[in-house]
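The data block below is query_7.pdb; it holds PDB, C-alpha atoms.
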```pdb
MODEL        1
ATOM      1  CA  MET R   1      23.879   4.950   5.882  1.00  0.00           C
ATOM      2  CA  THR R   2      22.020   7.153   3.429  1.00  0.00           C
ATOM      3  CA  THR R   3      18.335   7.987   3.699  1.00  0.00           C
ATOM      4  CA  VAL R   4      16.546   9.138   0.555  1.00  0.00           C
ATOM      5  CA  ARG R   5      13.128  10.810   0.758  1.00  0.00           C
ATOM      6  CA  ARG R   6      11.005  10.846  -2.372  1.00  0.00           C
ATOM      7  CA  VAL R   7       7.837  12.764  -3.192  1.00  0.00           C
ATOM      8  CA  MET R   8       6.083  11.400  -6.267  1.00  0.00           C
ATOM      9  CA  ARG R   9       3.738  13.568  -8.294  1.00  0.00           C
ATOM     10  CA  GLY R  10       1.629  12.884 -11.373  1.00  0.00           C
ATOM     11  CA  PRO R  11       0.221  15.065 -14.138  1.00  0.00           C
ATOM     12  CA  ALA R  12      -1.790  18.073 -13.019  1.00  0.00           C
ATOM     13  CA  ARG R  13      -5.063  16.810 -14.397  1.00  0.00           C
ATOM     14  CA  TRP R  14      -5.196  13.636 -12.302  1.00  0.00           C
ATOM     15  CA  LEU R  15      -4.976  13.398  -8.579  1.00  0.00           C
ATOM     16  CA  LEU R  16      -3.916   9.914  -7.675  1.00  0.00           C
ATOM     17  CA  PRO R  17      -0.348   8.796  -8.505  1.00  0.00           C
ATOM     18  CA  LEU R  18       0.900   5.271  -7.996  1.00  0.00           C
ATOM     19  CA  CYS R  19       2.496   5.628  -4.562  1.00  0.00           C
ATOM     20  CA  GLY R  20      -0.160   7.765  -2.955  1.00  0.00           C
ATOM     21  CA  LEU R  21      -2.544  10.633  -3.515  1.00  0.00           C
ATOM     22  CA  ALA R  22      -2.218  14.193  -4.784  1.00  0.00           C
ATOM     23  CA  LEU R  23      -5.524  15.928  -4.193  1.00  0.00           C
ATOM     24  CA  LEU R  24      -4.291  19.464  -3.687  1.00  0.00           C
ATOM     25  CA  ALA R  25      -6.948  21.894  -2.526  1.00  0.00           C
ATOM     26  CA  GLY R  26      -9.231  19.130  -1.316  1.00  0.00           C
ATOM     27  CA  GLY R  27      -6.858  18.282   1.496  1.00  0.00           C
ATOM     28  CA  LEU R  28      -5.244  15.091   0.241  1.00  0.00           C
ATOM     29  CA  VAL R  29      -1.541  15.049  -0.477  1.00  0.00           C
ATOM     30  CA  ALA R  30       0.286  12.103  -1.823  1.00  0.00           C
ATOM     31  CA  ALA R  31       3.544  11.295  -0.193  1.00  0.00           C
ATOM     32  CA  SER R  32       5.796   8.334  -0.623  1.00  0.00           C
ATOM     33  CA  ALA R  33       8.966   8.289   1.402  1.00  0.00           C
ATOM     34  CA  GLY R  34      11.568   5.600   1.217  1.00  0.00           C
ATOM     35  CA  GLY R  35      14.899   4.952   2.822  1.00  0.00           C
ATOM     36  CA  TRP R  36      17.438   2.579   1.298  1.00  0.00           C
ATOM     37  CA  MET R  37      19.965   1.080   3.651  1.00  0.00           C
ATOM     38  CA  PRO R  38      22.546  -1.332   2.226  1.00  0.00           C
ATOM     39  CA  HIS R  39      24.130  -3.759   4.672  1.00  0.00           C
ATOM     40  CA  PRO R  40      26.530  -6.177   3.024  1.00  0.00           C
ATOM     41  CA  SER R  41      26.448  -9.304   5.149  1.00  0.00           C
ATOM     42  CA  PRO R  42      27.126 -12.949   4.292  1.00  0.00           C
ATOM     43  CA  GLN R  43      24.816 -15.878   4.858  1.00  0.00           C
ATOM     44  CA  THR R  44      24.735 -16.619   8.548  1.00  0.00           C
ATOM     45  CA  SER R  45      23.331 -19.354  10.739  1.00  0.00           C
ATOM     46  CA  THR R  46      23.133 -17.193  13.860  1.00  0.00           C
ATOM     47  CA  ALA R  47      19.744 -16.206  15.238  1.00  0.00           C
ATOM     48  CA  LEU R  48      18.224 -13.128  13.635  1.00  0.00           C
ATOM     49  CA  THR R  49      17.938 -10.059  15.860  1.00  0.00           C
ATOM     50  CA  PRO R  50      16.083  -6.768  15.259  1.00  0.00           C
ATOM     51  CA  ALA R  51      18.048  -3.794  13.938  1.00  0.00           C
ATOM     52  CA  ASP R  52      15.867  -1.535  16.121  1.00  0.00           C
ATOM     53  CA  PRO R  53      13.925  -3.296  18.921  1.00  0.00           C
ATOM     54  CA  ASN R  54      11.567  -0.294  19.197  1.00  0.00           C
ATOM     55  CA  ALA R  55      10.660   0.075  15.517  1.00  0.00           C
ATOM     56  CA  ASP R  56       7.003  -0.354  14.562  1.00  0.00           C
ATOM     57  CA  LEU R  57       8.043  -2.417  11.535  1.00  0.00           C
ATOM     58  CA  PRO R  58      11.025  -4.569  12.505  1.00  0.00           C
ATOM     59  CA  VAL R  59      13.784  -5.708  10.180  1.00  0.00           C
ATOM     60  CA  PRO R  60      16.595  -8.142  11.071  1.00  0.00           C
ATOM     61  CA  LYS R  61      19.938  -6.557  11.843  1.00  0.00           C
ATOM     62  CA  GLN R  62      21.423  -9.097   9.421  1.00  0.00           C
ATOM     63  CA  HIS R  63      19.576  -7.732   6.355  1.00  0.00           C
ATOM     64  CA  ASN R  64      21.345  -6.823   3.116  1.00  0.00           C
ATOM     65  CA  SER R  65      18.985  -3.983   2.190  1.00  0.00           C
ATOM     66  CA  SER R  66      15.700  -2.423   3.269  1.00  0.00           C
ATOM     67  CA  SER R  67      13.346   0.358   2.187  1.00  0.00           C
ATOM     68  CA  SER R  68      10.173   1.882   3.584  1.00  0.00           C
ATOM     69  CA  ASN R  69       7.234   3.826   2.191  1.00  0.00           C
ATOM     70  CA  THR R  70       4.209   5.664   3.576  1.00  0.00           C
ATOM     71  CA  THR R  71       0.984   7.199   2.274  1.00  0.00           C
ATOM     72  CA  HIS R  72      -0.220  10.393   3.992  1.00  0.00           C
ATOM     73  CA  VAL R  73      -3.247  12.648   3.879  1.00  0.00           C
ATOM     74  CA  THR R  74      -2.991  16.408   4.387  1.00  0.00           C
ATOM     75  CA  GLY R  75      -4.068  17.408   7.891  1.00  0.00           C
ATOM     76  CA  ILE R  76      -3.614  13.907   9.312  1.00  0.00           C
ATOM     77  CA  GLU R  77      -0.208  13.357  10.860  1.00  0.00           C
ATOM     78  CA  ILE R  78      -0.274   9.567  10.935  1.00  0.00           C
ATOM     79  CA  PRO R  79       0.033   7.685   7.618  1.00  0.00           C
ATOM     80  CA  LEU R  80      -2.741   5.637   6.088  1.00  0.00           C
ATOM     81  CA  ARG R  81      -0.319   2.867   5.179  1.00  0.00           C
ATOM     82  CA  VAL R  82       3.265   1.972   6.088  1.00  0.00           C
ATOM     83  CA  GLY R  83       5.324  -0.592   4.198  1.00  0.00           C
ATOM     84  CA  LEU R  84       8.720  -2.246   4.607  1.00  0.00           C
ATOM     85  CA  GLU R  85      10.675  -4.210   2.006  1.00  0.00           C
ATOM     86  CA  ALA R  86      13.908  -6.032   2.804  1.00  0.00           C
ATOM     87  CA  HIS R  87      16.327  -8.702   1.626  1.00  0.00           C
ATOM     88  CA  VAL R  88      17.702 -10.989   4.328  1.00  0.00           C
ATOM     89  CA  PRO R  89      20.554 -13.494   3.751  1.00  0.00           C
ATOM     90  CA  ALA R  90      18.877 -16.250   5.770  1.00  0.00           C
ATOM     91  CA  GLU R  91      16.528 -19.155   5.188  1.00  0.00           C
ATOM     92  CA  LEU R  92      12.831 -18.381   4.914  1.00  0.00           C
ATOM     93  CA  SER R  93      12.045 -20.435   8.008  1.00  0.00           C
ATOM     94  CA  ALA R  94      14.452 -18.329  10.094  1.00  0.00           C
ATOM     95  CA  VAL R  95      12.998 -15.050   8.789  1.00  0.00           C
ATOM     96  CA  LEU R  96       9.457 -16.297   9.423  1.00  0.00           C
ATOM     97  CA  ALA R  97      10.360 -17.246  13.005  1.00  0.00           C
ATOM     98  CA  PHE R  98      11.936 -13.810  13.489  1.00  0.00           C
ATOM     99  CA  TYR R  99       8.793 -11.965  12.362  1.00  0.00           C
ATOM    100  CA  ARG R 100       6.415 -14.134  14.334  1.00  0.00           C
ATOM    101  CA  THR R 101       8.423 -13.398  17.469  1.00  0.00           C
ATOM    102  CA  GLU R 102       8.995  -9.690  16.855  1.00  0.00           C
ATOM    103  CA  LEU R 103       5.460  -8.880  15.693  1.00  0.00           C
ATOM    104  CA  ALA R 104       3.927 -10.732  18.635  1.00  0.00           C
ATOM    105  CA  ARG R 105       6.183  -8.708  20.944  1.00  0.00           C
ATOM    106  CA  ARG R 106       4.701  -5.549  19.424  1.00  0.00           C
ATOM    107  CA  GLY R 107       1.143  -6.699  20.083  1.00  0.00           C
ATOM    108  CA  TRP R 108       0.350  -8.071  16.612  1.00  0.00           C
ATOM    109  CA  GLU R 109      -2.061 -11.024  16.573  1.00  0.00           C
ATOM    110  CA  GLU R 110      -1.618 -13.566  13.788  1.00  0.00           C
ATOM    111  CA  LYS R 111      -4.796 -14.625  11.983  1.00  0.00           C
ATOM    112  CA  PRO R 112      -4.813 -18.346  11.143  1.00  0.00           C
ATOM    113  CA  ASP R 113      -7.395 -18.034   8.349  1.00  0.00           C
ATOM    114  CA  GLY R 114      -5.784 -18.014   4.930  1.00  0.00           C
ATOM    115  CA  ALA R 115      -2.207 -18.383   6.179  1.00  0.00           C
ATOM    116  CA  VAL R 116       0.198 -19.866   3.620  1.00  0.00           C
ATOM    117  CA  VAL R 117       3.589 -21.257   4.652  1.00  0.00           C
ATOM    118  CA  ALA R 118       5.777 -23.186   2.194  1.00  0.00           C
ATOM    119  CA  ALA R 119       9.477 -23.761   1.677  1.00  0.00           C
ATOM    120  CA  ASP R 120       9.876 -20.851  -0.770  1.00  0.00           C
ATOM    121  CA  HIS R 121       7.078 -18.452   0.185  1.00  0.00           C
ATOM    122  CA  ALA R 122       4.794 -17.442   3.034  1.00  0.00           C
ATOM    123  CA  ARG R 123       1.875 -15.078   3.529  1.00  0.00           C
ATOM    124  CA  LEU R 124       0.412 -14.233   6.928  1.00  0.00           C
ATOM    125  CA  ALA R 125      -2.290 -11.783   8.009  1.00  0.00           C
ATOM    126  CA  PHE R 126      -2.266  -9.952  11.347  1.00  0.00           C
ATOM    127  CA  VAL R 127      -4.369  -7.657  13.467  1.00  0.00           C
ATOM    128  CA  SER R 128      -1.992  -4.962  14.711  1.00  0.00           C
ATOM    129  CA  PRO R 129      -2.681  -2.234  17.298  1.00  0.00           C
ATOM    130  CA  LYS R 130      -3.103   0.238  14.394  1.00  0.00           C
ATOM    131  CA  GLY R 131      -5.067  -1.914  11.981  1.00  0.00           C
ATOM    132  CA  PRO R 132      -4.841  -4.865   9.562  1.00  0.00           C
ATOM    133  CA  ALA R 133      -1.403  -5.983   8.382  1.00  0.00           C
ATOM    134  CA  THR R 134       0.184  -8.555   6.090  1.00  0.00           C
ATOM    135  CA  LEU R 135       3.582 -10.236   5.854  1.00  0.00           C
ATOM    136  CA  GLU R 136       4.800 -11.822   2.622  1.00  0.00           C
ATOM    137  CA  LEU R 137       8.077 -13.723   2.327  1.00  0.00           C
ATOM    138  CA  GLY R 138       9.728 -15.149  -0.774  1.00  0.00           C
ATOM    139  CA  ARG R 139      13.053 -16.442  -2.052  1.00  0.00           C
ATOM    140  CA  ALA R 140      15.283 -14.749  -4.641  1.00  0.00           C
ATOM    141  CA  LYS R 141      19.014 -15.110  -5.361  1.00  0.00           C
ATOM    142  CA  GLY R 142      19.730 -16.983  -2.149  1.00  0.00           C
ATOM    143  CA  GLU R 143      17.962 -14.383   0.020  1.00  0.00           C
ATOM    144  CA  THR R 144      14.583 -14.158   1.715  1.00  0.00           C
ATOM    145  CA  THR R 145      12.528 -11.198   0.511  1.00  0.00           C
ATOM    146  CA  VAL R 146      10.277  -9.388   2.977  1.00  0.00           C
ATOM    147  CA  ASP R 147       7.151  -7.332   2.211  1.00  0.00           C
ATOM    148  CA  LEU R 148       5.519  -6.103   5.423  1.00  0.00           C
ATOM    149  CA  VAL R 149       2.516  -3.735   5.340  1.00  0.00           C
ATOM    150  CA  GLN R 150       0.551  -2.154   8.182  1.00  0.00           C
ATOM    151  CA  ARG R 151      -2.648  -0.148   7.556  1.00  0.00           C
ATOM    152  CA  ASN R 152      -3.934   2.492   9.963  1.00  0.00           C
ATOM    153  CA  THR R 153      -7.681   2.285  10.501  1.00  0.00           C
ATOM    154  CA  GLU R 154      -7.876   5.544  12.463  1.00  0.00           C
ATOM    155  CA  ALA R 155      -6.117   7.552   9.750  1.00  0.00           C
ATOM    156  CA  VAL R 156      -8.161   6.165   6.863  1.00  0.00           C
ATOM    157  CA  ALA R 157     -11.406   6.744   8.776  1.00  0.00           C
ATOM    158  CA  LYS R 158     -10.446  10.399   9.353  1.00  0.00           C
ATOM    159  CA  ALA R 159      -9.759  10.745   5.623  1.00  0.00           C
ATOM    160  CA  ASN R 160     -13.173   9.195   4.862  1.00  0.00           C
ATOM    161  CA  PHE R 161     -11.508   6.489   2.794  1.00  0.00           C
ATOM    162  CA  LEU R 162     -12.660   3.545   4.938  1.00  0.00           C
ATOM    163  CA  PRO R 163     -15.030   1.364   2.883  1.00  0.00           C
ATOM    164  CA  MET R 164     -18.328   0.007   4.112  1.00  0.00           C
ATOM    165  CA  PRO R 165     -18.074  -3.395   5.879  1.00  0.00           C
ATOM    166  CA  GLY R 166     -17.466  -6.186   3.399  1.00  0.00           C
ATOM    167  CA  GLN R 167     -16.711  -3.698   0.584  1.00  0.00           C
ATOM    168  CA  ALA R 168     -13.653  -2.087  -1.022  1.00  0.00           C
ATOM    169  CA  ARG R 169     -13.360   1.623  -1.855  1.00  0.00           C
ATOM    170  CA  LEU R 170     -12.135   3.271  -5.061  1.00  0.00           C
ATOM    171  CA  ILE R 171     -10.877   6.870  -4.900  1.00  0.00           C
ATOM    172  CA  PHE R 172     -10.649   9.071  -7.983  1.00  0.00           C
ATOM    173  CA  GLY R 173     -10.828  12.753  -8.903  1.00  0.00           C
ATOM    174  CA  TYR R 174     -10.390  15.280 -11.676  1.00  0.00           C
ATOM    175  CA  LEU R 175      -8.785  18.727 -11.907  1.00  0.00           C
ATOM    176  CA  VAL R 176      -9.332  20.519 -15.226  1.00  0.00           C
ATOM    177  CA  PRO R 177     -12.568  22.411 -16.007  1.00  0.00           C
ATOM    178  CA  ASP R 178     -14.219  19.569 -17.840  1.00  0.00           C
ATOM    179  CA  VAL R 179     -16.113  16.408 -17.022  1.00  0.00           C
ATOM    180  CA  ALA R 180     -14.600  12.935 -17.160  1.00  0.00           C
ATOM    181  CA  THR R 181     -16.333   9.601 -16.740  1.00  0.00           C
ATOM    182  CA  LEU R 182     -15.473   6.348 -14.996  1.00  0.00           C
ATOM    183  CA  THR R 183     -17.192   3.228 -16.316  1.00  0.00           C
ATOM    184  CA  ILE R 184     -16.999   0.225 -13.998  1.00  0.00           C
ATOM    185  CA  ASN R 185     -19.277  -2.579 -12.822  1.00  0.00           C
ATOM    186  CA  ASP R 186     -21.942  -1.738 -15.446  1.00  0.00           C
ATOM    187  CA  GLN R 187     -22.260   1.866 -14.288  1.00  0.00           C
ATOM    188  CA  THR R 188     -20.901   5.167 -15.572  1.00  0.00           C
ATOM    189  CA  ILE R 189     -19.955   7.857 -13.045  1.00  0.00           C
ATOM    190  CA  LYS R 190     -19.404  11.513 -13.935  1.00  0.00           C
ATOM    191  CA  ILE R 191     -16.226  12.961 -12.444  1.00  0.00           C
ATOM    192  CA  ALA R 192     -16.690  16.687 -11.857  1.00  0.00           C
ATOM    193  CA  GLY R 193     -14.078  19.001 -13.341  1.00  0.00           C
ATOM    194  CA  GLY R 194     -12.576  22.107 -11.830  1.00  0.00           C
ATOM    195  CA  GLU R 195     -12.617  20.897  -8.228  1.00  0.00           C
ATOM    196  CA  ASN R 196      -9.848  19.465  -6.076  1.00  0.00           C
ATOM    197  CA  HIS R 197     -11.647  16.825  -4.091  1.00  0.00           C
ATOM    198  CA  PRO R 198     -11.794  13.027  -4.292  1.00  0.00           C
ATOM    199  CA  GLN R 199     -14.803  11.022  -5.347  1.00  0.00           C
ATOM    200  CA  THR R 200     -15.308   7.520  -3.990  1.00  0.00           C
ATOM    201  CA  LEU R 201     -17.139   4.331  -4.915  1.00  0.00           C
ATOM    202  CA  ASP R 202     -17.610   1.211  -2.771  1.00  0.00           C
ATOM    203  CA  LEU R 203     -17.741  -2.171  -4.527  1.00  0.00           C
ATOM    204  CA  PRO R 204     -17.897  -5.820  -3.445  1.00  0.00           C
ATOM    205  CA  PRO R 205     -14.574  -7.721  -3.541  1.00  0.00           C
ATOM    206  CA  GLY R 206     -13.629  -8.927  -7.011  1.00  0.00           C
ATOM    207  CA  THR R 207     -11.762  -8.076 -10.209  1.00  0.00           C
ATOM    208  CA  TYR R 208     -13.201  -5.234 -12.295  1.00  0.00           C
ATOM    209  CA  SER R 209     -12.451  -3.819 -15.721  1.00  0.00           C
ATOM    210  CA  TYR R 210     -12.819  -0.056 -15.995  1.00  0.00           C
ATOM    211  CA  GLU R 211     -12.489   2.820 -18.461  1.00  0.00           C
ATOM    212  CA  LEU R 212     -11.610   6.470 -17.854  1.00  0.00           C
ATOM    213  CA  ARG R 213     -12.690   8.977 -20.501  1.00  0.00           C
ATOM    214  CA  ALA R 214     -12.502  12.762 -21.000  1.00  0.00           C
ATOM    215  CA  TRP R 215     -13.057  15.087 -23.980  1.00  0.00           C
ATOM    216  CA  GLY R 216     -14.584  12.072 -25.718  1.00  0.00           C
ATOM    217  CA  LEU R 217     -11.231  10.276 -25.545  1.00  0.00           C
ATOM    218  CA  LEU R 218     -10.336   7.026 -23.813  1.00  0.00           C
ATOM    219  CA  LEU R 219      -7.659   7.945 -21.243  1.00  0.00           C
ATOM    220  CA  ARG R 220      -7.132   4.538 -19.671  1.00  0.00           C
ATOM    221  CA  THR R 221      -8.567   1.043 -19.624  1.00  0.00           C
ATOM    222  CA  ASP R 222      -7.380  -1.402 -16.986  1.00  0.00           C
ATOM    223  CA  THR R 223      -8.457  -3.888 -14.327  1.00  0.00           C
ATOM    224  CA  VAL R 224      -8.328  -3.645 -10.549  1.00  0.00           C
ATOM    225  CA  THR R 225      -8.653  -6.492  -8.045  1.00  0.00           C
ATOM    226  CA  LEU R 226     -10.275  -5.484  -4.774  1.00  0.00           C
ATOM    227  CA  ALA R 227     -10.391  -7.280  -1.433  1.00  0.00           C
ATOM    228  CA  SER R 228     -12.714  -6.513   1.449  1.00  0.00           C
ATOM    229  CA  GLY R 229     -11.590  -3.536   3.541  1.00  0.00           C
ATOM    230  CA  GLU R 230      -9.110  -2.162   0.979  1.00  0.00           C
ATOM    231  CA  ALA R 231      -8.955   1.308  -0.592  1.00  0.00           C
ATOM    232  CA  TRP R 232      -7.467   1.880  -4.068  1.00  0.00           C
ATOM    233  CA  SER R 233      -6.717   4.947  -6.166  1.00  0.00           C
ATOM    234  CA  LEU R 234      -7.371   5.232  -9.899  1.00  0.00           C
ATOM    235  CA  SER R 235      -5.645   7.624 -12.297  1.00  0.00           C
ATOM    236  CA  ASP R 236      -5.342   8.008 -16.049  1.00  0.00           C
ATOM    237  CA  ASP R 237      -1.583   7.447 -16.331  1.00  0.00           C
ATOM    238  CA  LYS R 238      -0.716   4.934 -13.617  1.00  0.00           C
ATOM    239  CA  LYS R 239      -1.721   1.427 -12.642  1.00  0.00           C
ATOM    240  CA  PRO R 240      -4.293   1.251  -9.822  1.00  0.00           C
ATOM    241  CA  SER R 241      -2.538   1.599  -6.458  1.00  0.00           C
ATOM    242  CA  GLN R 242      -3.572   0.411  -3.025  1.00  0.00           C
ATOM    243  CA  ILE R 243      -3.520   3.221  -0.488  1.00  0.00           C
ATOM    244  CA  TYR R 244      -5.129   1.283   2.404  1.00  0.00           C
TER     245      TYR R 244
ENDMDL
END
```
Show me this structure written as structure tokens.
Amino acid sequence: MTTVRRVMRGPARWLLPLCGLALLAGGLVAASAGGWMPHPSPQTSTALTPADPNADLPVPKQHNSSSSNTTHVTGIEIPLRVGLEAHVPAELSAVLAFYRTELARRGWEEKPDGAVVAADHARLAFVSPKGPATLELGRAKGETTVDLVQRNTEAVAKANFLPMPGQARLIFGYLVPDVATLTINDQTIKIAGGENHPQTLDLPPGTYSYELRAWGLLLRTDTVTLASGEAWSLSDDKKPSQIY
């Protein structure tokens, strides 16, 4: 088994890369770590069992591959967000039953509102001991794909990235000694230059178009879809990324 740890960094002038944050002197560091573990195993009808019964995010022992990622903030040991992706050579119904059992054993409570379960996909929401969580299952090439995400309310509150109730939070910042602007939701916000600290904006859930400009130039135009309770980062060279 080989574990690969990655640290992703963006251009110096922007602070928020796709997999996390890179606000240097302001105390926010972006980190994305992933481990890739191939397990060649054929389709099996036996009951799925956890590879590690004590893991916070379980994966069946019978998986073909899995990877994990985290988003951290400098000075806060626990991550804001932890994710697990896996491919399991089993039917979706068997993988769904596995996760319902294993997550309940870890104290996760399934939320019935908005749950989707079909033959080829499923999406469930949970309240975990650390915060909100989601499980998404799909089918691809005879396997069931797993996307499991747990968000840590305590960590994001310490980082001051927790949005107001019923809102979503955008996080953005600028590094060079100049002033940039963010135009979104019919308002234009000046982004101070020369300082390493994040700026934030809370918005109601929805899909928003935005523009980032500096030196009189359009750096990026894009859209971002926000749900209540989420936190997203914006940068000039990457797609918007959810960090909580």
Check your understanding: In Å to one decimal, how far is CA of Tyr244 in chain R from CA of Arg220 in chain R?
Key -> 22.4 Å
Nearby residues (all atoms listed in the file) at most 10 Å from Asp147 in chain R, same-chain spacing under 6 positions excluded, as a tab-separated table (two decimals) with C-alpha atoms, in the coordinates of the input:
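See part.tsv below for the written result:
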```tsv
chain	number	residue	atom	x	y	z
R	66	SER	CA	15.70	-2.42	3.27
R	67	SER	CA	13.35	0.36	2.19
R	68	SER	CA	10.17	1.88	3.58
R	83	GLY	CA	5.32	-0.59	4.20
R	84	LEU	CA	8.72	-2.25	4.61
R	85	GLU	CA	10.68	-4.21	2.01
R	86	ALA	CA	13.91	-6.03	2.80
R	87	HIS	CA	16.33	-8.70	1.63
R	123	ARG	CA	1.88	-15.08	3.53
R	134	THR	CA	0.18	-8.56	6.09
R	135	LEU	CA	3.58	-10.24	5.85
R	136	GLU	CA	4.80	-11.82	2.62
R	137	LEU	CA	8.08	-13.72	2.33
R	138	GLY	CA	9.73	-15.15	-0.77
```
Practice item. Pull out every residue that the PyMOL selection byres ((chain R and resi 170) around 6) matches in the shown coordinates and put them as a PyMOL selection string. Key: chain R and resi 169+171+200-201+231-233
Check your understanding: What do you get, as a count of residues only, if you spell out every residue that the PyMOL selection byres ((chain R and resi 150) around 6) selects here?
Key -> 5
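By only C-alpha atoms, and with residues fewer than 3 positions from Val88 in chain R along its chain excluded, the set lying at most 6 Å from it is His63, Asn64, Glu143 and Thr144 of chain R.
Coordinates place CA of Val116 in chain R at a distance of 27.2 Å from CA of Asp52 in chain R.
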Coordinates of range 58-64 of chain R, all heavy atoms, as a PDB file, in the first residue's frame:
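Output below, filename decode.pdb:
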```
ATOM      1  N   PRO R  58     -15.635   5.298   7.191  1.00  0.00           N
ATOM      2  CA  PRO R  58     -15.411   3.885   6.863  1.00  0.00           C
ATOM      3  C   PRO R  58     -15.416   3.639   5.358  1.00  0.00           C
ATOM      4  O   PRO R  58     -16.036   4.369   4.585  1.00  0.00           O
ATOM      5  CB  PRO R  58     -16.604   3.191   7.522  1.00  0.00           C
ATOM      6  CG  PRO R  58     -17.695   4.215   7.496  1.00  0.00           C
ATOM      7  CD  PRO R  58     -17.001   5.538   7.708  1.00  0.00           C
ATOM      8  N   VAL R  59     -14.709   2.607   4.959  1.00  0.00           N
ATOM      9  CA  VAL R  59     -14.717   2.140   3.578  1.00  0.00           C
ATOM     10  C   VAL R  59     -14.748   0.617   3.629  1.00  0.00           C
ATOM     11  O   VAL R  59     -14.113   0.004   4.504  1.00  0.00           O
ATOM     12  CB  VAL R  59     -13.488   2.646   2.802  1.00  0.00           C
ATOM     13  CG1 VAL R  59     -12.187   2.097   3.388  1.00  0.00           C
ATOM     14  CG2 VAL R  59     -13.597   2.303   1.326  1.00  0.00           C
ATOM     15  N   PRO R  60     -15.504  -0.040   2.745  1.00  0.00           N
ATOM     16  CA  PRO R  60     -15.539  -1.506   2.766  1.00  0.00           C
ATOM     17  C   PRO R  60     -14.158  -2.107   2.491  1.00  0.00           C
ATOM     18  O   PRO R  60     -13.396  -1.602   1.677  1.00  0.00           O
ATOM     19  CB  PRO R  60     -16.524  -1.855   1.644  1.00  0.00           C
ATOM     20  CG  PRO R  60     -17.367  -0.640   1.470  1.00  0.00           C
ATOM     21  CD  PRO R  60     -16.454   0.515   1.762  1.00  0.00           C
ATOM     22  N   LYS R  61     -13.878  -3.194   3.193  1.00  0.00           N
ATOM     23  CA  LYS R  61     -12.628  -3.911   2.948  1.00  0.00           C
ATOM     24  C   LYS R  61     -12.561  -4.370   1.497  1.00  0.00           C
ATOM     25  O   LYS R  61     -11.476  -4.482   0.911  1.00  0.00           O
ATOM     26  CB  LYS R  61     -12.539  -5.110   3.892  1.00  0.00           C
ATOM     27  CG  LYS R  61     -11.243  -5.902   3.785  1.00  0.00           C
ATOM     28  CD  LYS R  61     -11.279  -7.130   4.692  1.00  0.00           C
ATOM     29  CE  LYS R  61     -11.461  -6.739   6.153  1.00  0.00           C
ATOM     30  NZ  LYS R  61     -11.426  -7.942   7.047  1.00  0.00           N
ATOM     31  N   GLN R  62     -13.691  -4.617   0.887  1.00  0.00           N
ATOM     32  CA  GLN R  62     -13.755  -5.143  -0.478  1.00  0.00           C
ATOM     33  C   GLN R  62     -13.687  -4.055  -1.550  1.00  0.00           C
ATOM     34  O   GLN R  62     -14.099  -4.264  -2.671  1.00  0.00           O
ATOM     35  CB  GLN R  62     -15.059  -5.940  -0.660  1.00  0.00           C
ATOM     36  CG  GLN R  62     -15.162  -7.152   0.246  1.00  0.00           C
ATOM     37  CD  GLN R  62     -15.829  -6.826   1.591  1.00  0.00           C
ATOM     38  OE1 GLN R  62     -15.807  -5.676   2.050  1.00  0.00           O
ATOM     39  NE2 GLN R  62     -16.415  -7.827   2.221  1.00  0.00           N
ATOM     40  N   HIS R  63     -13.151  -2.873  -1.245  1.00  0.00           N
ATOM     41  CA  HIS R  63     -13.085  -1.814  -2.251  1.00  0.00           C
ATOM     42  C   HIS R  63     -11.926  -2.036  -3.221  1.00  0.00           C
ATOM     43  O   HIS R  63     -10.935  -2.686  -2.890  1.00  0.00           O
ATOM     44  CB  HIS R  63     -12.953  -0.441  -1.578  1.00  0.00           C
ATOM     45  CG  HIS R  63     -11.667  -0.232  -0.841  1.00  0.00           C
ATOM     46  ND1 HIS R  63     -11.434  -0.707   0.431  1.00  0.00           N
ATOM     47  CD2 HIS R  63     -10.533   0.417  -1.206  1.00  0.00           C
ATOM     48  CE1 HIS R  63     -10.223  -0.357   0.823  1.00  0.00           C
ATOM     49  NE2 HIS R  63      -9.651   0.329  -0.158  1.00  0.00           N
ATOM     50  N   ASN R  64     -12.066  -1.480  -4.423  1.00  0.00           N
ATOM     51  CA  ASN R  64     -10.997  -1.546  -5.416  1.00  0.00           C
ATOM     52  C   ASN R  64      -9.991  -0.412  -5.249  1.00  0.00           C
ATOM     53  O   ASN R  64      -8.808  -0.583  -5.510  1.00  0.00           O
ATOM     54  CB  ASN R  64     -11.578  -1.492  -6.836  1.00  0.00           C
ATOM     55  CG  ASN R  64     -12.102  -2.844  -7.278  1.00  0.00           C
ATOM     56  OD1 ASN R  64     -11.762  -3.869  -6.702  1.00  0.00           O
ATOM     57  ND2 ASN R  64     -12.953  -2.839  -8.303  1.00  0.00           N
TER      58      ASN R  64
END
```
